[in-house]
$ cat model-v7.pdb   # PDB, C-alpha atoms
ATOM      1  CA  MET P 439       0.000   0.000   0.000
ATOM      2  CA  ALA P 440       1.021   3.613  -0.381
ATOM      3  CA  ASN P 441       2.458   5.120   2.800
ATOM      4  CA  ALA P 442      -0.519   7.424   3.110
ATOM      5  CA  CYS P 443      -4.072   7.268   4.420
ATOM      6  CA  GLY P 444      -5.565   3.821   3.901
ATOM      7  CA  PRO P 445      -8.213   1.489   5.309
ATOM      8  CA  CYS P 446      -8.307   1.602   9.083
ATOM      9  CA  ILE P 447     -11.016  -0.840  10.195
ATOM     10  CA  GLY P 448      -9.246  -4.211  10.041
ATOM     11  CA  GLN P 449     -10.301  -5.147   6.519
ATOM     12  CA  TRP P 450      -7.599  -7.781   5.953
ATOM     13  CA  LYS P 451      -9.206 -11.240   6.076
ATOM     14  CA  ARG P 452      -6.066 -13.071   7.121
ATOM     15  CA  HIS P 453      -5.976 -16.854   7.428
ATOM     16  CA  THR P 454      -3.556 -18.405   9.893
ATOM     17  CA  ASP P 455      -3.091 -21.879  11.339
ATOM     18  CA  ASP P 456      -3.104 -20.560  14.917
ATOM     19  CA  PRO P 457      -4.678 -17.153  15.638
ATOM     20  CA  GLU P 458      -3.548 -17.436  19.265
ATOM     21  CA  ARG P 459       0.148 -17.482  18.335
ATOM     22  CA  LYS P 460       1.989 -14.179  18.631
ATOM     23  CA  ASN P 461       3.310 -13.075  15.258
ATOM     24  CA  SER P 462       4.690 -10.074  13.412
ATOM     25  CA  ILE P 463       3.836  -8.370  10.152
ATOM     26  CA  VAL P 464       5.433  -5.479   8.284
ATOM     27  CA  THR P 465       3.179  -3.238   6.228
ATOM     28  CA  SER P 466       3.328   0.138   4.536
ATOM     29  CA  PHE P 467      -0.210   0.839   5.773
ATOM     30  CA  ASN P 468      -0.043   3.667   8.321
ATOM     31  CA  ARG P 469      -1.796   1.966  11.215
ATOM     32  CA  ASN P 470       0.068  -0.291  13.605
ATOM     33  CA  PHE P 471      -2.015  -0.421  16.776
ATOM     34  CA  ALA P 472      -3.631  -3.624  17.975
ATOM     35  CA  LYS P 473      -6.117  -5.353  15.669
ATOM     36  CA  ARG P 474      -6.121  -2.565  13.036
ATOM     37  CA  ALA P 475      -4.529  -4.620  10.267
ATOM     38  CA  ASP P 476      -6.041  -8.104  10.603
ATOM     39  CA  GLY P 477      -8.281  -7.975  13.657
ATOM     40  CA  ASN P 478      -5.931 -10.244  15.615
ATOM     41  CA  PRO P 479      -4.729  -8.897  19.003
ATOM     42  CA  ASN P 480      -1.760 -11.290  18.838
ATOM     43  CA  THR P 481      -0.348  -9.636  15.709
ATOM     44  CA  PHE P 482       2.453  -7.117  16.180
ATOM     45  CA  ALA P 483       2.316  -4.715  13.239
ATOM     46  CA  PHE P 484       5.366  -2.723  12.152
ATOM     47  CA  VAL P 485       5.195   0.174   9.696
ATOM     48  CA  ALA P 486       7.809   0.584   6.965
ATOM     49  CA  SER P 487       8.098   2.257   3.576
ATOM     50  CA  PRO P 488       6.565   0.409   0.592
ATOM     51  CA  GLU P 489      10.106  -0.310  -0.670
ATOM     52  CA  MET P 490      11.274  -1.773   2.656
ATOM     53  CA  THR P 491       8.090  -3.802   2.976
ATOM     54  CA  MET P 492       8.696  -5.355  -0.454
ATOM     55  CA  ALA P 493      12.358  -6.093   0.361
ATOM     56  CA  LEU P 494      11.387  -7.965   3.538
ATOM     57  CA  THR P 495       8.661  -9.809   1.640
ATOM     58  CA  ILE P 496      11.159 -11.018  -0.985
ATOM     59  CA  ALA P 497      13.686 -11.992   1.702
ATOM     60  CA  GLY P 498      11.174 -13.667   3.995
ATOM     61  CA  ASP P 499      13.254 -12.556   6.975
ATOM     62  CA  LEU P 500      12.568  -9.647   9.306
ATOM     63  CA  CYS P 501      16.305  -9.308   9.982
ATOM     64  CA  PHE P 502      17.150  -8.755   6.311
ATOM     65  CA  ASN P 503      18.963  -5.489   5.538
ATOM     66  CA  PRO P 504      18.797  -4.758   1.785
ATOM     67  CA  LEU P 505      21.736  -2.330   2.040
ATOM     68  CA  ARG P 506      24.243  -5.025   3.001
ATOM     69  CA  ASP P 507      22.660  -8.506   3.019
ATOM     70  CA  THR P 508      22.451 -10.875   0.062
ATOM     71  CA  LEU P 509      19.972 -13.473  -1.169
ATOM     72  CA  ALA P 510      20.467 -16.616  -3.224
ATOM     73  CA  ASN P 511      19.217 -16.315  -6.802
ATOM     74  CA  ALA P 512      17.965 -19.152  -9.033
ATOM     75  CA  ASP P 513      21.557 -20.178  -9.776
ATOM     76  CA  GLY P 514      22.513 -20.322  -6.111
ATOM     77  CA  GLU P 515      24.552 -17.128  -6.327
ATOM     78  CA  GLN P 516      24.504 -14.616  -3.484
ATOM     79  CA  VAL P 517      23.276 -11.272  -4.847
ATOM     80  CA  LYS P 518      22.055  -7.990  -3.432
ATOM     81  CA  LEU P 519      18.693  -6.514  -4.291
ATOM     82  CA  SER P 520      18.872  -3.640  -6.717
ATOM     83  CA  GLU P 521      17.729  -0.293  -5.444
ATOM     84  CA  PRO P 522      14.131   0.265  -6.620
ATOM     85  CA  VAL P 523      13.494   2.675  -9.480
ATOM     86  CA  GLY P 524      10.382   4.439 -10.681
ATOM     87  CA  GLU P 525       8.949   7.801 -11.605
ATOM     88  CA  GLU P 526       7.408   8.212  -8.158
ATOM     89  CA  LEU P 527      10.733   7.677  -6.340
ATOM     90  CA  PRO P 528      13.295  10.384  -5.418
ATOM     91  CA  ARG P 529      15.322  11.452  -8.460
ATOM     92  CA  ASN P 530      18.581  11.556  -6.512
ATOM     93  CA  GLY P 531      18.036   8.346  -4.612
ATOM     94  CA  PHE P 532      16.986   7.778  -1.028
ATOM     95  CA  ILE P 533      18.199  10.046   1.756
ATOM     96  CA  GLY P 534      20.375   8.044   4.107
ATOM     97  CA  GLY P 535      19.198   8.492   7.654
ATOM     98  CA  ARG P 536      18.374  12.202   7.415
ATOM     99  CA  GLU P 537      15.044  13.750   8.263
ATOM    100  CA  GLY P 538      13.015  14.873   5.297
ATOM    101  CA  TYR P 539      11.300  17.679   7.232
ATOM    102  CA  LEU P 540      12.468  21.210   6.462
ATOM    103  CA  ALA P 541      11.487  23.873   8.974
ATOM    104  CA  PRO P 542       9.811  26.955   7.477
ATOM    105  CA  GLY P 543      12.259  29.762   6.839
ATOM    106  CA  GLY P 544       9.849  32.674   6.994
ATOM    107  CA  ALA P 545       9.222  32.916   3.257
ATOM    108  CA  LYS P 546       5.610  33.504   2.269
ATOM    109  CA  THR P 547       4.017  31.430  -0.453
ATOM    110  CA  GLU P 548       0.723  32.331  -2.036
ATOM    111  CA  ILE P 549      -1.666  29.429  -2.501
ATOM    112  CA  ALA P 550      -4.145  29.991  -5.302
ATOM    113  CA  VAL P 551      -7.348  27.960  -5.285
ATOM    114  CA  ASP P 552      -9.947  28.347  -8.002
ATOM    115  CA  ALA P 553     -13.051  29.867  -6.428
ATOM    116  CA  ARG P 554     -15.136  27.544  -8.617
ATOM    117  CA  SER P 555     -13.484  24.405  -7.251
ATOM    118  CA  GLU P 556     -15.829  21.937  -5.586
ATOM    119  CA  ARG P 557     -13.005  19.956  -4.003
ATOM    120  CA  LEU P 558     -10.678  22.610  -2.586
ATOM    121  CA  GLN P 559     -11.367  25.628  -0.430
ATOM    122  CA  LEU P 560      -8.922  27.640   1.661
ATOM    123  CA  LEU P 561      -9.669  27.413   5.380
ATOM    124  CA  ALA P 562     -10.391  30.576   7.325
ATOM    125  CA  PRO P 563      -9.662  30.748  11.076
ATOM    126  CA  PHE P 564     -12.664  30.167  13.315
ATOM    127  CA  PRO P 565     -13.622  33.253  15.355
ATOM    128  CA  ALA P 566     -12.403  33.556  18.928
ATOM    129  CA  TRP P 567     -14.837  33.350  21.844
ATOM    130  CA  ASP P 568     -16.481  36.753  22.317
ATOM    131  CA  GLY P 569     -16.240  36.544  26.107
ATOM    132  CA  GLU P 570     -19.999  36.195  26.557
ATOM    133  CA  GLU P 571     -22.300  33.400  27.707
ATOM    134  CA  LEU P 572     -24.368  31.410  25.185
ATOM    135  CA  PRO P 573     -28.024  32.441  25.599
ATOM    136  CA  GLU P 574     -31.122  30.903  24.006
ATOM    137  CA  MET P 575     -29.612  28.676  21.342
ATOM    138  CA  PRO P 576     -32.079  26.627  19.269
ATOM    139  CA  LEU P 577     -31.749  22.875  19.623
ATOM    140  CA  LEU P 578     -30.418  21.714  16.251
ATOM    141  CA  ILE P 579     -30.948  17.997  16.904
ATOM    142  CA  LYS P 580     -31.428  15.709  19.875
ATOM    143  CA  VAL P 581     -29.762  12.501  18.767
ATOM    144  CA  LYS P 582     -31.222   9.144  19.730
ATOM    145  CA  GLY P 583     -28.961   6.114  20.229
ATOM    146  CA  LYS P 584     -25.584   5.479  18.659
ATOM    147  CA  CYS P 585     -23.981   8.378  16.816
ATOM    148  CA  THR P 586     -20.581   7.554  15.329
ATOM    149  CA  THR P 587     -18.291   9.836  13.357
ATOM    150  CA  ASP P 588     -19.812   8.250  10.246
ATOM    151  CA  HIS P 589     -23.261   9.402  11.371
ATOM    152  CA  ILE P 590     -21.822  12.883  11.923
ATOM    153  CA  SER P 591     -19.762  13.080   8.714
ATOM    154  CA  MET P 592     -20.366  10.216   6.307
ATOM    155  CA  ALA P 593     -17.555   8.797   4.189
ATOM    156  CA  GLY P 594     -18.029   7.213   0.760
ATOM    157  CA  PRO P 595     -18.649   9.742  -2.040
ATOM    158  CA  TRP P 596     -18.456  12.588   0.475
ATOM    159  CA  LEU P 597     -14.713  12.108   0.838
ATOM    160  CA  ARG P 598     -14.125  13.917  -2.443
ATOM    161  CA  PHE P 599     -14.993  17.099  -0.524
ATOM    162  CA  ARG P 600     -12.430  16.587   2.247
ATOM    163  CA  GLY P 601     -10.561  19.675   1.057
ATOM    164  CA  HIS P 602     -13.728  21.814   0.874
ATOM    165  CA  LEU P 603     -15.192  22.349   4.330
ATOM    166  CA  GLU P 604     -18.290  24.156   3.128
ATOM    167  CA  ASN P 605     -19.283  21.395   0.687
ATOM    168  CA  ILE P 606     -18.552  18.455   2.977
ATOM    169  CA  SER P 607     -20.558  20.181   5.724
ATOM    170  CA  ASP P 608     -23.666  19.352   3.698
ATOM    171  CA  ASN P 609     -23.454  15.856   5.196
ATOM    172  CA  MET P 610     -23.332  17.021   8.827
ATOM    173  CA  LEU P 611     -25.271  14.688  11.123
ATOM    174  CA  MET P 612     -27.325  13.397   8.214
ATOM    175  CA  GLY P 613     -27.071   9.861   9.603
ATOM    176  CA  ALA P 614     -28.084  10.783  13.165
ATOM    177  CA  VAL P 615     -31.545   9.729  14.355
ATOM    178  CA  ASN P 616     -33.777  12.552  15.585
ATOM    179  CA  ALA P 617     -35.088  11.534  19.010
ATOM    180  CA  PHE P 618     -38.421  13.284  18.405
ATOM    181  CA  ASN P 619     -39.481  11.689  15.112
ATOM    182  CA  GLY P 620     -37.182   8.659  14.700
ATOM    183  CA  GLU P 621     -36.019   9.965  11.309
ATOM    184  CA  THR P 622     -32.601  10.856   9.933
ATOM    185  CA  ASN P 623     -31.692  14.216   8.420
ATOM    186  CA  CYS P 624     -35.040  15.699   9.440
ATOM    187  CA  VAL P 625     -35.121  18.360  12.181
ATOM    188  CA  TRP P 626     -37.411  21.189  13.204
ATOM    189  CA  ASN P 627     -36.388  24.526  11.692
ATOM    190  CA  ARG P 628     -37.755  27.326  13.855
ATOM    191  CA  SER P 629     -37.037  29.895  11.118
ATOM    192  CA  THR P 630     -39.283  28.200   8.538
ATOM    193  CA  HIS P 631     -41.564  26.323  10.978
ATOM    194  CA  THR P 632     -41.039  23.159   8.961
ATOM    195  CA  TYR P 633     -38.817  20.095   9.038
ATOM    196  CA  GLU P 634     -35.572  20.502   7.087
ATOM    197  CA  THR P 635     -32.220  18.732   6.708
ATOM    198  CA  VAL P 636     -29.783  19.101   9.588
ATOM    199  CA  SER P 637     -27.092  20.931   7.623
ATOM    200  CA  GLY P 638     -29.645  23.042   5.745
ATOM    201  CA  THR P 639     -31.195  24.158   9.022
ATOM    202  CA  ALA P 640     -27.781  24.869  10.532
ATOM    203  CA  LYS P 641     -26.747  26.902   7.469
ATOM    204  CA  MET P 642     -29.908  28.977   7.694
ATOM    205  CA  TYR P 643     -29.323  29.657  11.387
ATOM    206  CA  LYS P 644     -25.697  30.576  10.663
ATOM    207  CA  SER P 645     -26.774  33.049   7.974
ATOM    208  CA  GLU P 646     -29.044  34.645  10.589
ATOM    209  CA  GLY P 647     -26.221  34.834  13.150
ATOM    210  CA  ILE P 648     -27.828  32.158  15.350
ATOM    211  CA  ARG P 649     -25.715  29.686  17.330
ATOM    212  CA  THR P 650     -27.051  26.185  18.017
ATOM    213  CA  ILE P 651     -26.562  23.187  20.292
ATOM    214  CA  VAL P 652     -26.573  19.423  19.655
ATOM    215  CA  VAL P 653     -27.684  16.941  22.338
ATOM    216  CA  ALA P 654     -26.672  13.272  22.209
ATOM    217  CA  GLU P 655     -26.524  10.027  24.146
ATOM    218  CA  GLU P 656     -23.665   7.679  25.108
ATOM    219  CA  ASN P 657     -20.228   7.522  23.454
ATOM    220  CA  TYR P 658     -20.980  10.299  20.980
ATOM    221  CA  GLY P 659     -18.387  10.359  18.182
ATOM    222  CA  GLU P 660     -17.209   6.750  18.432
ATOM    223  CA  GLY P 661     -15.453   5.250  15.429
ATOM    224  CA  SER P 662     -12.715   6.800  13.324
ATOM    225  CA  SER P 663     -10.865   9.937  14.362
ATOM    226  CA  ARG P 664     -12.505  11.872  11.525
ATOM    227  CA  GLU P 665     -11.616  15.534  12.092
ATOM    228  CA  HIS P 666     -14.436  16.698   9.820
ATOM    229  CA  ALA P 667     -16.936  15.381  12.379
ATOM    230  CA  ALA P 668     -15.729  18.179  14.665
ATOM    231  CA  MET P 669     -14.939  20.799  12.017
ATOM    232  CA  GLU P 670     -18.345  20.699  10.322
ATOM    233  CA  PRO P 671     -20.438  21.597  13.406
ATOM    234  CA  ARG P 672     -17.917  24.335  14.222
ATOM    235  CA  PHE P 673     -18.157  25.692  10.680
ATOM    236  CA  LEU P 674     -21.980  25.671  10.793
ATOM    237  CA  ASN P 675     -22.088  27.634  14.066
ATOM    238  CA  VAL P 676     -22.880  24.760  16.432
ATOM    239  CA  ARG P 677     -21.267  25.952  19.666
ATOM    240  CA  VAL P 678     -22.074  23.134  22.097
ATOM    241  CA  ILE P 679     -22.284  19.354  21.976
ATOM    242  CA  LEU P 680     -24.009  18.121  25.137
ATOM    243  CA  ALA P 681     -23.863  14.343  25.506
ATOM    244  CA  LYS P 682     -24.231  11.596  28.088
ATOM    245  CA  SER P 683     -20.629  10.624  27.247
ATOM    246  CA  PHE P 684     -18.061  11.099  24.472
ATOM    247  CA  ALA P 685     -15.672   8.872  22.597
ATOM    248  CA  ARG P 686     -12.263  10.048  23.798
ATOM    249  CA  ILE P 687     -10.670  10.999  20.462
ATOM    250  CA  HIS P 688     -13.738  12.839  19.205
ATOM    251  CA  GLU P 689     -14.045  14.796  22.441
ATOM    252  CA  THR P 690     -10.450  15.987  21.973
ATOM    253  CA  ASN P 691     -11.134  16.860  18.328
ATOM    254  CA  LEU P 692     -14.072  19.015  19.424
ATOM    255  CA  LYS P 693     -11.869  20.815  21.924
ATOM    256  CA  LYS P 694      -9.229  21.462  19.257
ATOM    257  CA  GLN P 695     -11.837  23.180  17.078
ATOM    258  CA  GLY P 696     -12.911  25.518  19.880
ATOM    259  CA  MET P 697     -16.160  23.679  20.561
ATOM    260  CA  LEU P 698     -17.767  23.115  23.956
ATOM    261  CA  ALA P 699     -18.008  19.379  24.667
ATOM    262  CA  LEU P 700     -20.170  19.038  27.785
ATOM    263  CA  THR P 701     -21.619  16.009  29.565
ATOM    264  CA  PHE P 702     -24.689  15.537  31.713
ATOM    265  CA  ILE P 703     -24.058  15.103  35.431
ATOM    266  CA  ASP P 704     -27.472  13.475  35.748
ATOM    267  CA  LYS P 705     -28.012  11.563  32.503
ATOM    268  CA  SER P 706     -31.776  11.626  32.995
ATOM    269  CA  ASP P 707     -31.638  15.377  32.216
ATOM    270  CA  TYR P 708     -31.378  14.289  28.564
ATOM    271  CA  ASP P 709     -35.093  13.436  28.768
ATOM    272  CA  ARG P 710     -36.009  16.970  29.878
ATOM    273  CA  ILE P 711     -34.949  18.546  26.582
ATOM    274  CA  ARG P 712     -37.850  19.262  24.206
ATOM    275  CA  GLU P 713     -37.771  19.648  20.431
ATOM    276  CA  ARG P 714     -38.484  23.379  20.241
ATOM    277  CA  ASP P 715     -36.457  24.461  23.262
ATOM    278  CA  LEU P 716     -34.159  27.424  23.359
ATOM    279  CA  ILE P 717     -31.143  26.422  25.434
ATOM    280  CA  SER P 718     -28.760  28.685  27.343
ATOM    281  CA  VAL P 719     -25.314  27.718  28.627
ATOM    282  CA  THR P 720     -23.843  29.949  31.327
ATOM    283  CA  GLY P 721     -20.731  29.894  33.489
ATOM    284  CA  LEU P 722     -18.284  30.319  30.592
ATOM    285  CA  LYS P 723     -16.798  33.491  32.052
ATOM    286  CA  LYS P 724     -15.561  31.437  35.000
ATOM    287  CA  LEU P 725     -14.617  28.374  32.958
ATOM    288  CA  ALA P 726     -11.825  26.495  34.717
ATOM    289  CA  PRO P 727     -10.673  22.883  35.103
ATOM    290  CA  GLY P 728     -13.309  21.032  37.129
ATOM    291  CA  SER P 729     -15.863  23.854  37.028
ATOM    292  CA  ARG P 730     -19.502  23.254  36.259
ATOM    293  CA  LEU P 731     -21.741  25.080  33.824
ATOM    294  CA  THR P 732     -25.476  25.690  33.940
ATOM    295  CA  VAL P 733     -27.875  24.698  31.165
ATOM    296  CA  ALA P 734     -31.248  26.437  31.126
ATOM    297  CA  LEU P 735     -34.133  25.105  29.028
ATOM    298  CA  HIS P 736     -36.642  27.663  27.774
ATOM    299  CA  HIS P 737     -39.695  25.688  26.684
ATOM    300  CA  GLU P 738     -42.162  26.746  24.004
ATOM    301  CA  ASP P 739     -44.980  26.984  26.587
ATOM    302  CA  GLY P 740     -43.078  29.689  28.479
ATOM    303  CA  SER P 741     -41.826  27.467  31.287
ATOM    304  CA  SER P 742     -38.169  26.923  32.031
ATOM    305  CA  GLU P 743     -35.909  24.651  34.044
ATOM    306  CA  SER P 744     -32.182  24.253  34.552
ATOM    307  CA  PHE P 745     -29.496  21.765  35.545
ATOM    308  CA  GLU P 746     -25.720  21.608  35.878
ATOM    309  CA  VAL P 747     -23.362  19.961  33.393
ATOM    310  CA  GLN P 748     -19.662  19.166  33.534
ATOM    311  CA  HIS P 749     -16.587  19.202  31.280
ATOM    312  CA  THR P 750     -13.043  17.776  31.144
ATOM    313  CA  TYR P 751     -11.151  20.825  29.806
ATOM    314  CA  ASN P 752      -7.681  21.519  31.167
ATOM    315  CA  GLU P 753      -6.029  24.956  31.103
ATOM    316  CA  GLN P 754      -4.550  24.466  27.640
ATOM    317  CA  GLN P 755      -7.879  23.308  26.206
ATOM    318  CA  ILE P 756      -9.684  26.244  27.801
ATOM    319  CA  GLY P 757      -7.156  28.414  25.967
ATOM    320  CA  TRP P 758      -8.162  26.711  22.712
ATOM    321  CA  PHE P 759     -11.819  27.510  23.397
ATOM    322  CA  ARG P 760     -11.088  31.159  24.157
ATOM    323  CA  ALA P 761      -8.879  31.531  21.053
ATOM    324  CA  GLY P 762     -11.469  29.860  18.828
ATOM    325  CA  SER P 763      -9.395  26.744  18.084
ATOM    326  CA  ALA P 764      -6.089  25.081  18.912
ATOM    327  CA  LEU P 765      -4.565  26.509  15.716
ATOM    328  CA  ASN P 766      -5.567  30.020  16.733
ATOM    329  CA  ALA P 767      -3.855  29.551  20.108
ATOM    330  CA  ARG P 768      -0.431  28.781  18.622
TER     331      ARG P 768
END

$ encode --input "model-v7.pdb" --output "C-alpha cells"
Amino acid sequence: MANACGPCIGQWKRHTDDPERKNSIVTSFNRNFAKRADGNPNTFAFVASPEMTMALTIAGDLCFNPLRDTLANADGEQVKLSEPVGEELPRNGFIGGREGYLAPGGAKTEIAVDARSERLQLLAPFPAWDGEELPEMPLLIKVKGKCTTDHISMAGPWLRFRGHLENISDNMLMGAVNAFNGETNCVWNRSTHTYETVSGTAKMYKSEGIRTIVVAEENYGEGSSREHAAMEPRFLNVRVILAKSFARIHETNLKKQGMLALTFIDKSDYDRIRERDLISVTGLKKLAPGSRLTVALHHEDGSSESFEVQHTYNEQQIGWFRAGSALNAR
C-alpha cells in the first residue's frame, strides 16, 4: 500500500493456522495499533516504507537489511537486491538516515485555489470566543442512540470534498436519528416552521447569526478519528455538543476546534430537553478545570428549568476555546 491514508477498520481477512500465536507483520499501511490490520490482538504490526516492505517480503526474513545482506538467486549465487526505481521515487536516490522535514524559513508562499473548485477551499480561522455566555440557542438535533463519526460526517462519495469544508458540511449529522421523530436528516427549523435537513437548518441559522446546540446520548463520536466530524459543526455555528458521554478521540477533536463538549451530570436530564427548546449555557466566564456550567431550558410553553453539566477541559484546552481553536492559540 502507499504510505498514506488507507483502510483503518481491520479489513484484511487473514488466514492463519493458529490465531492465538503471537506473530509479526510489516506493512506500509499507516496503522500499527492492535487489531487494526487483521483484527488479531496477537499480531504485532510494524510500519515501513513500501520499498522496505517489499524487500522484507522477498527476503522472507525480518532481519534482512537490503543495504548489506544478500539473497540466493535461481543459480545459487549470493546477490544484493537492486535499489528500486520508478517515476514516483526520489530522483537523486533515497536520503540516508536524514530527516526529510524542512522547517519553514519565513518565506511567504501564495496558494491559489480556483473559487469555482468543488473539491478545494482555503480554510479561514474560526472566530475567537467573544467573552460572553451562550443564551437561548435553538436545539439543532437531539440525537437518539448510537452516533458515530460516520453518522456525523459520512464517508463514501463525500470524501471527495475533504478539502472543501463548506461542501462536505452538507453531510453534517445526516445519519443521526432525531429523538423526536425517529427519522434521519429531518429536524425542526424554527425559522421556517417546517422540518428541514440538519445541515440546511444549521446553514440557515448561521446566515441569521444564530448559534445552536446538539444533544446526544452515550459515546458520541465513536469510530474513526474523523476531524471533519468536529470541524463541520464548528463551521456551521454549532457551539455546544451536550452528551451523556463522548468517545475520547472525538471529544479531543471538538476541543481542538474551539467547541464546547459538555456532559450531563445526571443523565436523565437528557429526557427533559424538548424539540423546540431554546437552550442557554452559562458559566463560561468562570470556565476552569473542574468547574460546572449551567444549562437552562426555555420551553415553548413559556416554562423553564435548569441543571448543571460538567466538562473535562484543562487549562490548555480552555485556551483553545477562548482563542477559537487550537490553531488560533499557537

$ resolve_selection --input "model-v7.pdb" --expression "the PyMOL selection byres ((chain P and resi 588) around 9)" --output "list in words"
Cys585, Thr586, Thr587, His589, Ile590, Ser591, Met592, Ala593, Leu611, Gly613, Gly659, Glu660, Gly661, Ser662, Arg664 and Ala667 of chain P

$ residues_around --input "model-v7.pdb" --residues "Ser629 of chain P" --least-positions-apart "6" --cutoff "9 Å" --atoms "only C-alpha atoms" --output "PDB file with C-alpha atoms, in the frame of the given file"
ATOM      1  CA  THR P 639     -31.195  24.158   9.022  1.00  0.00           C
ATOM      2  CA  MET P 642     -29.908  28.977   7.694  1.00  0.00           C
ATOM      3  CA  TYR P 643     -29.323  29.657  11.387  1.00  0.00           C
TER       4      TYR P 643
END

$ closest_atom_pairs --input "model-v7.pdb" --of "segment 641-688 of chain P" --to "segment 707-730 of chain P" --cutoff "8 Å" --atoms "all atoms listed in the file" --output "JSON lines"
{"residue": "P:Ile651", "atom": "CA", "partner": "P:Ile717", "partner_atom": "CA", "distance": 7.6}
{"residue": "P:Val653", "atom": "CA", "partner": "P:Tyr708", "partner_atom": "CA", "distance": 7.7}
{"residue": "P:Ala654", "atom": "CA", "partner": "P:Tyr708", "partner_atom": "CA", "distance": 8.0}
{"residue": "P:Glu655", "atom": "CA", "partner": "P:Tyr708", "partner_atom": "CA", "distance": 7.8}
{"residue": "P:Lys682", "atom": "CA", "partner": "P:Tyr708", "partner_atom": "CA", "distance": 7.7}

$ residues_near_point --input "model-v7.pdb" --point "(-4.7, 29.2, -0.6)" --cutoff "7 Å" --atoms "all atoms listed in the file" --output "list in words"
Glu548, Ile549, Ala550, Val551 and Leu560 of chain P

$ atom_distance --input "model-v7.pdb" --atom1 "atom CA of His749 of chain P" --atom2 "atom CA of Ala699 of chain P"
6.8 Å

$ resolve_selection --input "model-v7.pdb" --expression "the PyMOL selection byres ((chain P and resi 518-527) around 6)" --output "list in words"
Thr508, Val517 and Pro528 of chain P

$ closest_residue --input "model-v7.pdb" --among "P:Arg672, P:Lys693, P:Ser663, P:His631" --to "Ala562 of chain P" --atoms "only C-alpha atoms"
P:Arg672

$ closest_residue --input "model-v7.pdb" --among "P:Ile579, P:Pro457, P:His666, P:Ile648" --to "Thr635 of chain P" --atoms "only C-alpha atoms"
P:Ile579

$ residues_near_point --input "model-v7.pdb" --point "(-6.5, -10.3, 12.2)" --cutoff "10 Å" --atoms "only C-alpha atoms" --output "PDB file with C-alpha atoms, in the coordinates of the input"
ATOM      1  CA  GLY P 448      -9.246  -4.211  10.041  1.00  0.00           C
ATOM      2  CA  GLN P 449     -10.301  -5.147   6.519  1.00  0.00           C
ATOM      3  CA  TRP P 450      -7.599  -7.781   5.953  1.00  0.00           C
ATOM      4  CA  LYS P 451      -9.206 -11.240   6.076  1.00  0.00           C
ATOM      5  CA  ARG P 452      -6.066 -13.071   7.121  1.00  0.00           C
ATOM      6  CA  HIS P 453      -5.976 -16.854   7.428  1.00  0.00           C
ATOM      7  CA  THR P 454      -3.556 -18.405   9.893  1.00  0.00           C
ATOM      8  CA  PRO P 457      -4.678 -17.153  15.638  1.00  0.00           C
ATOM      9  CA  ALA P 472      -3.631  -3.624  17.975  1.00  0.00           C
ATOM     10  CA  LYS P 473      -6.117  -5.353  15.669  1.00  0.00           C
ATOM     11  CA  ARG P 474      -6.121  -2.565  13.036  1.00  0.00           C
ATOM     12  CA  ALA P 475      -4.529  -4.620  10.267  1.00  0.00           C
ATOM     13  CA  ASP P 476      -6.041  -8.104  10.603  1.00  0.00           C
ATOM     14  CA  GLY P 477      -8.281  -7.975  13.657  1.00  0.00           C
ATOM     15  CA  ASN P 478      -5.931 -10.244  15.615  1.00  0.00           C
ATOM     16  CA  PRO P 479      -4.729  -8.897  19.003  1.00  0.00           C
ATOM     17  CA  ASN P 480      -1.760 -11.290  18.838  1.00  0.00           C
ATOM     18  CA  THR P 481      -0.348  -9.636  15.709  1.00  0.00           C
TER      19      THR P 481
END

$ closest_residue --input "model-v7.pdb" --among "P:Gly647, P:Arg760, P:Arg459, P:Phe702" --to "Leu680 of chain P" --atoms "all atoms listed in the file"
P:Phe702

$ closest_residue --input "model-v7.pdb" --among "P:Ile679, P:Ser763, P:Ile463, P:Met575" --to "Val747 of chain P" --atoms "all atoms listed in the file"
P:Ile679

$ closest_residue --input "model-v7.pdb" --among "P:Pro563, P:Tyr658, P:Leu578, P:Ser607" --to "Ala761 of chain P" --atoms "all atoms listed in the file"
P:Pro563

$ axis_aligned_box --input "model-v7.pdb" --around "segment 688-692 of chain P" --padding-each-side "5 Å" --output "lines of an AutoDock Vina configuration file"
center_x = -12.3
center_y = 15.9
center_z = 20.4
size_x = 13.6
size_y = 16.2
size_z = 14.1

$ resolve_selection --input "model-v7.pdb" --expression "the PyMOL selection byres ((chain P and resi 744-746) around 9)" --output "list in words"
Phe702, Ile703, Asp704, Asp707, Arg730, Leu731, Thr732, Val733, Ala734, Leu735, His736, Ser742, Glu743, Val747 and Gln748 of chain P

$ closest_residue --input "model-v7.pdb" --among "P:Gly601, P:Gly544, P:Gly762, P:Pro573" --to "Leu558 of chain P" --atoms "only C-alpha atoms"
P:Gly601

$ atom_distance --input "model-v7.pdb" --atom1 "atom CA of Val615 of chain P" --atom2 "atom CA of Lys582 of chain P"
5.4 Å

$ atom_distance --input "model-v7.pdb" --atom1 "atom CA of Gly569 of chain P" --atom2 "atom CA of Ala764 of chain P"
16.9 Å
